[in-house]
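Heads up, data08.cif below (mmCIF, C-alpha atoms and all ligand atoms):
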data_target
#
loop_
_atom_site.group_PDB
_atom_site.id
_atom_site.type_symbol
_atom_site.label_atom_id
_atom_site.label_comp_id
_atom_site.auth_asym_id
_atom_site.auth_seq_id
_atom_site.Cartn_x
_atom_site.Cartn_y
_atom_site.Cartn_z
ATOM 1 C CA MET A 138 69.039 -10.835 150.515
ATOM 2 C CA PRO A 139 72.228 -9.270 149.097
ATOM 3 C CA ASN A 140 72.861 -9.742 145.447
ATOM 4 C CA LEU A 141 76.461 -10.872 145.094
ATOM 5 C CA LYS A 142 77.318 -10.470 141.447
ATOM 6 C CA LEU A 143 79.998 -12.082 139.312
ATOM 7 C CA GLY A 144 83.052 -9.819 139.460
ATOM 8 C CA ASP A 145 82.260 -8.427 142.934
ATOM 9 C CA ILE A 146 84.947 -8.595 145.612
ATOM 10 C CA VAL A 147 83.471 -11.190 147.967
ATOM 11 C CA PRO A 148 82.499 -9.987 151.458
ATOM 12 C CA ASP A 149 85.205 -10.258 154.105
ATOM 13 C CA PHE A 150 84.312 -11.733 157.503
ATOM 14 C CA GLU A 151 85.799 -13.131 160.675
ATOM 15 C CA ALA A 152 84.559 -16.474 161.956
ATOM 16 C CA GLU A 153 85.422 -19.460 164.096
ATOM 17 C CA THR A 154 86.219 -22.614 162.150
ATOM 18 C CA THR A 155 87.249 -26.173 162.916
ATOM 19 C CA ASP A 156 90.840 -25.068 162.152
ATOM 20 C CA GLY A 157 90.677 -21.991 164.429
ATOM 21 C CA PRO A 158 89.711 -18.342 163.840
ATOM 22 C CA MET A 159 89.530 -17.214 160.216
ATOM 23 C CA LYS A 160 89.806 -13.744 158.688
ATOM 24 C CA PHE A 161 88.441 -14.635 155.296
ATOM 25 C CA HIS A 162 90.324 -12.220 153.013
ATOM 26 C CA GLU A 163 93.549 -12.920 154.863
ATOM 27 C CA TRP A 164 92.918 -16.665 154.556
ATOM 28 C CA LEU A 165 92.256 -16.269 150.811
ATOM 29 C CA GLY A 166 95.617 -14.555 150.291
ATOM 30 C CA GLY A 167 96.136 -14.510 146.550
ATOM 31 C CA SER A 168 94.702 -17.971 145.958
ATOM 32 C CA TRP A 169 91.740 -19.397 144.130
ATOM 33 C CA ALA A 170 89.212 -20.708 146.647
ATOM 34 C CA ILE A 171 85.834 -22.356 147.040
ATOM 35 C CA LEU A 172 83.432 -21.474 149.804
ATOM 36 C CA PHE A 173 80.562 -23.946 149.954
ATOM 37 C CA SER A 174 77.695 -24.061 152.392
ATOM 38 C CA HIS A 175 75.498 -26.754 153.918
ATOM 39 C CA PRO A 176 72.022 -26.689 155.423
ATOM 40 C CA ALA A 177 73.122 -28.221 158.738
ATOM 41 C CA ASP A 178 75.503 -30.591 160.513
ATOM 42 C CA TYR A 179 74.601 -34.249 160.948
ATOM 43 C CA THR A 180 72.529 -34.361 157.782
ATOM 44 C CA PRO A 181 72.866 -37.219 155.302
ATOM 45 C CA VAL A 182 73.463 -35.515 151.961
ATOM 46 C CA CYS A 183 75.964 -33.075 153.484
ATOM 47 C CA THR A 184 77.839 -35.996 155.012
ATOM 48 C CA THR A 185 78.349 -37.468 151.530
ATOM 49 C CA GLU A 186 79.318 -34.080 150.071
ATOM 50 C CA LEU A 187 81.969 -33.214 152.640
ATOM 51 C CA GLY A 188 83.438 -36.693 152.253
ATOM 52 C CA ARG A 189 83.534 -36.367 148.475
ATOM 53 C CA VAL A 190 85.321 -33.014 148.715
ATOM 54 C CA GLN A 191 87.916 -34.552 151.042
ATOM 55 C CA LYS A 192 88.486 -37.403 148.574
ATOM 56 C CA LEU A 193 88.937 -34.836 145.794
ATOM 57 C CA ALA A 194 91.258 -32.651 147.917
ATOM 58 C CA PRO A 195 94.351 -33.619 145.837
ATOM 59 C CA GLU A 196 92.508 -32.512 142.664
ATOM 60 C CA PHE A 197 91.623 -29.160 144.227
ATOM 61 C CA GLU A 198 95.206 -28.773 145.443
ATOM 62 C CA LYS A 199 96.559 -29.491 141.939
ATOM 63 C CA ARG A 200 94.489 -26.544 140.732
ATOM 64 C CA GLY A 201 95.656 -24.288 143.592
ATOM 65 C CA ILE A 202 92.187 -24.131 145.162
ATOM 66 C CA LYS A 203 91.707 -23.530 148.891
ATOM 67 C CA LEU A 204 88.596 -25.130 150.383
ATOM 68 C CA ALA A 205 86.264 -23.863 153.092
ATOM 69 C CA ALA A 206 82.882 -25.315 154.030
ATOM 70 C CA LEU A 207 80.242 -23.467 156.051
ATOM 71 C CA SER A 208 77.348 -24.569 158.175
ATOM 72 C CA CYS A 209 75.253 -22.679 160.734
ATOM 73 C CA ASP A 210 76.211 -24.871 163.703
ATOM 74 C CA GLU A 211 78.914 -24.395 166.332
ATOM 75 C CA VAL A 212 82.541 -25.454 165.984
ATOM 76 C CA GLU A 213 82.246 -28.256 168.569
ATOM 77 C CA HIS A 214 79.215 -29.568 166.686
ATOM 78 C CA HIS A 215 81.213 -29.484 163.425
ATOM 79 C CA LYS A 216 84.105 -31.330 165.060
ATOM 80 C CA GLY A 217 81.840 -34.155 166.225
ATOM 81 C CA TRP A 218 80.281 -34.372 162.782
ATOM 82 C CA ILE A 219 83.714 -34.578 161.114
ATOM 83 C CA GLU A 220 84.224 -37.904 162.911
ATOM 84 C CA ASP A 221 81.010 -39.210 161.310
ATOM 85 C CA ILE A 222 82.070 -37.850 157.896
ATOM 86 C CA LYS A 223 85.403 -39.641 158.182
ATOM 87 C CA ALA A 224 83.785 -42.896 159.292
ATOM 88 C CA TYR A 225 81.016 -42.913 156.672
ATOM 89 C CA ASN A 226 83.356 -41.997 153.816
ATOM 90 C CA SER A 227 86.279 -44.175 155.001
ATOM 91 C CA LEU A 228 88.600 -41.182 155.377
ATOM 92 C CA GLU A 229 91.743 -41.089 157.489
ATOM 93 C CA SER A 230 91.868 -37.335 157.739
ATOM 94 C CA PHE A 231 89.830 -34.212 157.147
ATOM 95 C CA SER A 232 91.951 -31.359 155.898
ATOM 96 C CA TYR A 233 89.824 -28.285 155.296
ATOM 97 C CA PRO A 234 88.005 -25.908 157.677
ATOM 98 C CA ILE A 235 84.276 -25.835 158.354
ATOM 99 C CA ILE A 236 83.146 -22.321 159.257
ATOM 100 C CA ALA A 237 80.707 -21.977 162.172
ATOM 101 C CA ASP A 238 78.156 -19.384 161.053
ATOM 102 C CA VAL A 239 75.909 -19.604 164.078
ATOM 103 C CA ASP A 240 74.377 -16.126 163.652
ATOM 104 C CA ARG A 241 74.053 -16.650 159.864
ATOM 105 C CA SER A 242 75.931 -13.403 159.230
ATOM 106 C CA VAL A 243 78.188 -14.919 156.551
ATOM 107 C CA ALA A 244 75.265 -16.749 154.960
ATOM 108 C CA THR A 245 73.300 -13.506 154.864
ATOM 109 C CA ALA A 246 76.204 -11.474 153.441
ATOM 110 C CA TYR A 247 76.672 -14.040 150.660
ATOM 111 C CA GLY A 248 72.952 -14.623 149.983
ATOM 112 C CA MET A 249 73.144 -18.291 150.967
ATOM 113 C CA MET A 250 69.925 -18.484 152.981
ATOM 114 C CA ASP A 251 67.331 -20.853 151.577
ATOM 115 C CA PRO A 252 64.001 -18.997 151.501
ATOM 116 C CA VAL A 253 62.111 -22.280 151.955
ATOM 117 C CA ALA A 254 64.079 -24.768 154.075
ATOM 118 C CA GLN A 255 63.880 -24.523 157.887
ATOM 119 C CA ASP A 256 65.249 -26.620 160.726
ATOM 120 C CA SER A 257 63.079 -28.321 163.355
ATOM 121 C CA GLN A 258 63.023 -25.064 165.386
ATOM 122 C CA GLY A 259 61.792 -23.081 162.375
ATOM 123 C CA MET A 260 65.213 -21.427 161.854
ATOM 124 C CA PRO A 261 66.100 -20.750 158.212
ATOM 125 C CA LEU A 262 68.743 -23.038 156.724
ATOM 126 C CA THR A 263 71.502 -22.259 154.300
ATOM 127 C CA CYS A 264 71.129 -23.771 150.861
ATOM 128 C CA ARG A 265 73.943 -25.641 149.122
ATOM 129 C CA ALA A 266 75.830 -22.666 147.738
ATOM 130 C CA VAL A 267 79.119 -22.797 145.858
ATOM 131 C CA PHE A 268 81.238 -19.667 145.464
ATOM 132 C CA ILE A 269 84.390 -19.899 143.395
ATOM 133 C CA ILE A 270 86.678 -16.968 144.149
ATOM 134 C CA GLY A 271 89.657 -15.874 142.065
ATOM 135 C CA PRO A 272 93.106 -14.738 143.234
ATOM 136 C CA ASP A 273 91.791 -11.147 142.991
ATOM 137 C CA LYS A 274 89.118 -12.015 145.645
ATOM 138 C CA LYS A 275 86.423 -11.534 143.011
ATOM 139 C CA LEU A 276 83.510 -13.889 142.552
ATOM 140 C CA LYS A 277 84.060 -16.002 139.440
ATOM 141 C CA LEU A 278 81.091 -18.363 139.702
ATOM 142 C CA SER A 279 78.220 -19.140 142.043
ATOM 143 C CA ILE A 280 75.743 -22.001 142.061
ATOM 144 C CA LEU A 281 72.809 -22.513 144.420
ATOM 145 C CA TYR A 282 71.262 -25.920 145.008
ATOM 146 C CA PRO A 283 68.316 -26.687 147.267
ATOM 147 C CA ALA A 284 68.893 -28.775 150.402
ATOM 148 C CA THR A 285 67.440 -31.883 148.768
ATOM 149 C CA THR A 286 69.917 -32.005 145.853
ATOM 150 C CA GLY A 287 73.546 -32.914 146.531
ATOM 151 C CA ARG A 288 76.216 -31.325 144.399
ATOM 152 C CA ASN A 289 78.309 -32.957 141.676
ATOM 153 C CA PHE A 290 81.901 -32.116 142.587
ATOM 154 C CA ASP A 291 83.244 -33.480 139.298
ATOM 155 C CA GLU A 292 81.247 -30.670 137.692
ATOM 156 C CA ILE A 293 82.802 -28.204 140.106
ATOM 157 C CA LEU A 294 86.305 -29.355 139.126
ATOM 158 C CA ARG A 295 85.265 -29.075 135.482
ATOM 159 C CA VAL A 296 84.130 -25.465 135.882
ATOM 160 C CA ILE A 297 87.342 -24.636 137.746
ATOM 161 C CA ASP A 298 89.308 -25.953 134.765
ATOM 162 C CA SER A 299 87.243 -23.721 132.502
ATOM 163 C CA LEU A 300 87.518 -20.666 134.780
ATOM 164 C CA GLN A 301 91.274 -21.020 135.131
ATOM 165 C CA LEU A 302 91.822 -21.580 131.412
ATOM 166 C CA THR A 303 89.567 -18.746 130.268
ATOM 167 C CA ALA A 304 91.202 -16.372 132.777
ATOM 168 C CA GLN A 305 94.469 -16.894 130.880
ATOM 169 C CA LYS A 306 93.505 -17.459 127.228
ATOM 170 C CA ARG A 307 90.978 -15.768 124.972
ATOM 171 C CA VAL A 308 88.810 -18.851 124.680
ATOM 172 C CA ALA A 309 85.449 -20.013 126.010
ATOM 173 C CA THR A 310 84.504 -23.612 126.726
ATOM 174 C CA PRO A 311 81.534 -25.175 124.916
ATOM 175 C CA ALA A 312 78.725 -27.355 126.254
ATOM 176 C CA ASP A 313 79.916 -30.419 128.165
ATOM 177 C CA TRP A 314 83.547 -29.412 127.661
ATOM 178 C CA LYS A 315 86.164 -31.280 129.628
ATOM 179 C CA ASN A 316 89.761 -30.296 130.237
ATOM 180 C CA GLY A 317 91.868 -31.069 127.148
ATOM 181 C CA LEU A 318 89.021 -30.780 124.624
ATOM 182 C CA PRO A 319 88.853 -28.069 121.924
ATOM 183 C CA CYS A 320 87.656 -24.607 122.892
ATOM 184 C CA MET A 321 85.815 -21.793 121.161
ATOM 185 C CA VAL A 322 87.660 -18.594 120.265
ATOM 186 C CA VAL A 323 85.876 -15.712 122.006
ATOM 187 C CA PRO A 324 83.967 -13.310 119.730
ATOM 188 C CA SER A 325 86.170 -10.330 120.704
ATOM 189 C CA VAL A 326 89.223 -11.884 118.979
ATOM 190 C CA LYS A 327 89.655 -10.171 115.608
ATOM 191 C CA PRO A 328 90.474 -12.321 112.533
ATOM 192 C CA GLU A 329 93.894 -10.645 112.254
ATOM 193 C CA GLU A 330 94.740 -11.658 115.862
ATOM 194 C CA VAL A 331 93.938 -15.340 115.432
ATOM 195 C CA GLU A 332 97.277 -16.565 114.093
ATOM 196 C CA ALA A 333 99.379 -15.010 116.844
ATOM 197 C CA LEU A 334 97.008 -15.990 119.636
ATOM 198 C CA PHE A 335 96.339 -19.580 118.556
ATOM 199 C CA PRO A 336 99.462 -21.188 117.102
ATOM 200 C CA LYS A 337 97.745 -24.615 117.159
ATOM 201 C CA GLY A 338 95.321 -23.316 114.529
ATOM 202 C CA VAL A 339 91.708 -22.260 114.361
ATOM 203 C CA THR A 340 88.863 -23.863 112.396
ATOM 204 C CA VAL A 341 86.104 -21.545 111.234
ATOM 205 C CA HIS A 342 82.894 -23.601 110.949
ATOM 206 C CA GLU A 343 80.567 -22.755 108.072
ATOM 207 C CA VAL A 344 76.949 -22.097 109.009
ATOM 208 C CA PRO A 345 73.865 -21.028 106.977
ATOM 209 C CA SER A 346 74.097 -17.428 108.182
ATOM 210 C CA GLY A 347 77.562 -17.130 106.653
ATOM 211 C CA LYS A 348 78.737 -15.512 109.881
ATOM 212 C CA GLN A 349 82.177 -16.568 111.050
ATOM 213 C CA TYR A 350 81.541 -16.795 114.773
ATOM 214 C CA LEU A 351 81.999 -20.519 115.314
ATOM 215 C CA ARG A 352 85.771 -20.756 115.649
ATOM 216 C CA THR A 353 87.324 -23.723 117.422
ATOM 217 C CA THR A 354 90.901 -24.272 118.476
ATOM 218 C CA PRO A 355 92.648 -27.198 120.163
ATOM 219 C CA HIS A 356 93.013 -26.782 123.919
ATOM 220 C CA PRO A 357 95.605 -23.978 124.080
HETATM 221 C C1 LIG B 1 70.824 -33.397 153.934
HETATM 222 O O1 LIG B 1 71.949 -32.897 153.953
HETATM 223 O O2 LIG B 1 70.666 -34.597 153.823
HETATM 224 C C2 LIG B 1 69.600 -32.528 154.020
HETATM 225 C C3 LIG B 1 69.619 -31.359 154.766
HETATM 226 C C4 LIG B 1 68.471 -30.593 154.848
HETATM 227 C C5 LIG B 1 67.322 -30.990 154.165
HETATM 228 C C6 LIG B 1 67.339 -32.150 153.400
HETATM 229 C C7 LIG B 1 68.476 -32.922 153.333
#

Here is the file; what I need is its structure written in the form of structure tokens.
Ligand code: BEZ
Amino acid sequence: MPNLKLGDIVPDFEAETTDGPMKFHEWLGGSWAILFSHPADYTPVCTTELGRVQKLAPEFEKRGIKLAALSCDEVEHHKGWIEDIKAYNSLESFSYPIIADVDRSVATAYGMMDPVAQDSQGMPLTCRAVFIIGPDKKLKLSILYPATTGRNFDEILRVIDSLQLTAQKRVATPADWKNGLPCMVVPSVKPEEVEALFPKGVTVHEVPSGKQYLRTTPHP
């Protein structure tokens, strides 16, 4: 299983999708993107997930995020399933591609295979992987869920907000942070840099150690 690390350029590939052939790096262009995988077509949890992503499509678009799903079935299979996804989730349209990874080559290159889950023929299934890719084609975040646990796409939007903010400003986002809430100043910011970098002000929180590492600032 390859070990795709944060900061790696994500593997390029060519694949058939429900929107036609895809050359992944070309498709990425210079955009942020999410590649997310599914164990199989015509499965219940996946049907809710793909519908939820479609409903959130305007939120992803606002953040400049391209979307691509992946499942190990064929394109025609995906296209039939899309009709079920639309019907079950009361959707009029379905606007993002589903990659057909029949030979599991993409899943293998990205380390998406679930070591436990198998289909009825004993073929390995992909887990629910999420890869968030930056405009530099580097991996910014990955999350792996087992087949039996559907993803929380509000959380995925939340981490995108954090990733995009922290790519621009020298802040980090604390536990349970939501967009608009105060942030932590990263430890590498020197005290003499604080004023210029954070015109909204910085609070240094006193702690028993006397160390001045807990510095908060309003959302920059
Ligand atoms: C599902 O998407 O519902 C699912 C797929 C594989 C195993 C368990 C659940």

Task: Resolved residues for the PyMOL selection byres (((not hetatm)) within 10 of (chain B and resi 1)) as a VMD selection string - done: chain A and resid 175 to 186 254 to 256 262 to 265 283 to 287

- [ ] Give me the result of the PyMOL selection byres (((chain A and resi 214) around 12) and not hetatm) on this file, residue by residue, as a ChimeraX atom specification.
- [x] /A:154-155,177-179,208-213,215-221,235-239

Task: Residue among A:Ala246, A:Ala152, A:Ala304, A:Val341 lying closest to Pro328 of chain A, counting only C-alpha atoms - done: A:Val341

- [ ] For atom CA of Ile280 of chain A and atom CA of Thr354 of chain A, determine how far apart the two atoms are, in Å to one decimal place.
- [x] 28.1 Å

Counting only C-alpha atoms, which residues have an atom no more than 10 Å from (84.9, -20.6, 115.1) in the file's coordinates? Please list them as a PDB file with C-alpha atoms, keeping the file's coordinate frame.
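So the final result, stored in result-v4.pdb, reads:
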ATOM      1  CA  CYS A 320      87.656 -24.607 122.892  1.00  0.00           C
ATOM      2  CA  MET A 321      85.815 -21.793 121.161  1.00  0.00           C
ATOM      3  CA  VAL A 322      87.660 -18.594 120.265  1.00  0.00           C
ATOM      4  CA  VAL A 323      85.876 -15.712 122.006  1.00  0.00           C
ATOM      5  CA  PRO A 324      83.967 -13.310 119.730  1.00  0.00           C
ATOM      6  CA  VAL A 339      91.708 -22.260 114.361  1.00  0.00           C
ATOM      7  CA  THR A 340      88.863 -23.863 112.396  1.00  0.00           C
ATOM      8  CA  VAL A 341      86.104 -21.545 111.234  1.00  0.00           C
ATOM      9  CA  HIS A 342      82.894 -23.601 110.949  1.00  0.00           C
ATOM     10  CA  GLU A 343      80.567 -22.755 108.072  1.00  0.00           C
ATOM     11  CA  LYS A 348      78.737 -15.512 109.881  1.00  0.00           C
ATOM     12  CA  GLN A 349      82.177 -16.568 111.050  1.00  0.00           C
ATOM     13  CA  TYR A 350      81.541 -16.795 114.773  1.00  0.00           C
ATOM     14  CA  LEU A 351      81.999 -20.519 115.314  1.00  0.00           C
ATOM     15  CA  ARG A 352      85.771 -20.756 115.649  1.00  0.00           C
ATOM     16  CA  THR A 353      87.324 -23.723 117.422  1.00  0.00           C
ATOM     17  CA  THR A 354      90.901 -24.272 118.476  1.00  0.00           C
TER      18      THR A 354
END

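Distance check against Arg307 of chain A using all atoms listed in the file: of A:Tyr282, A:Phe150, A:Phe335, A:Phe290, the minimum falls on A:Phe335.
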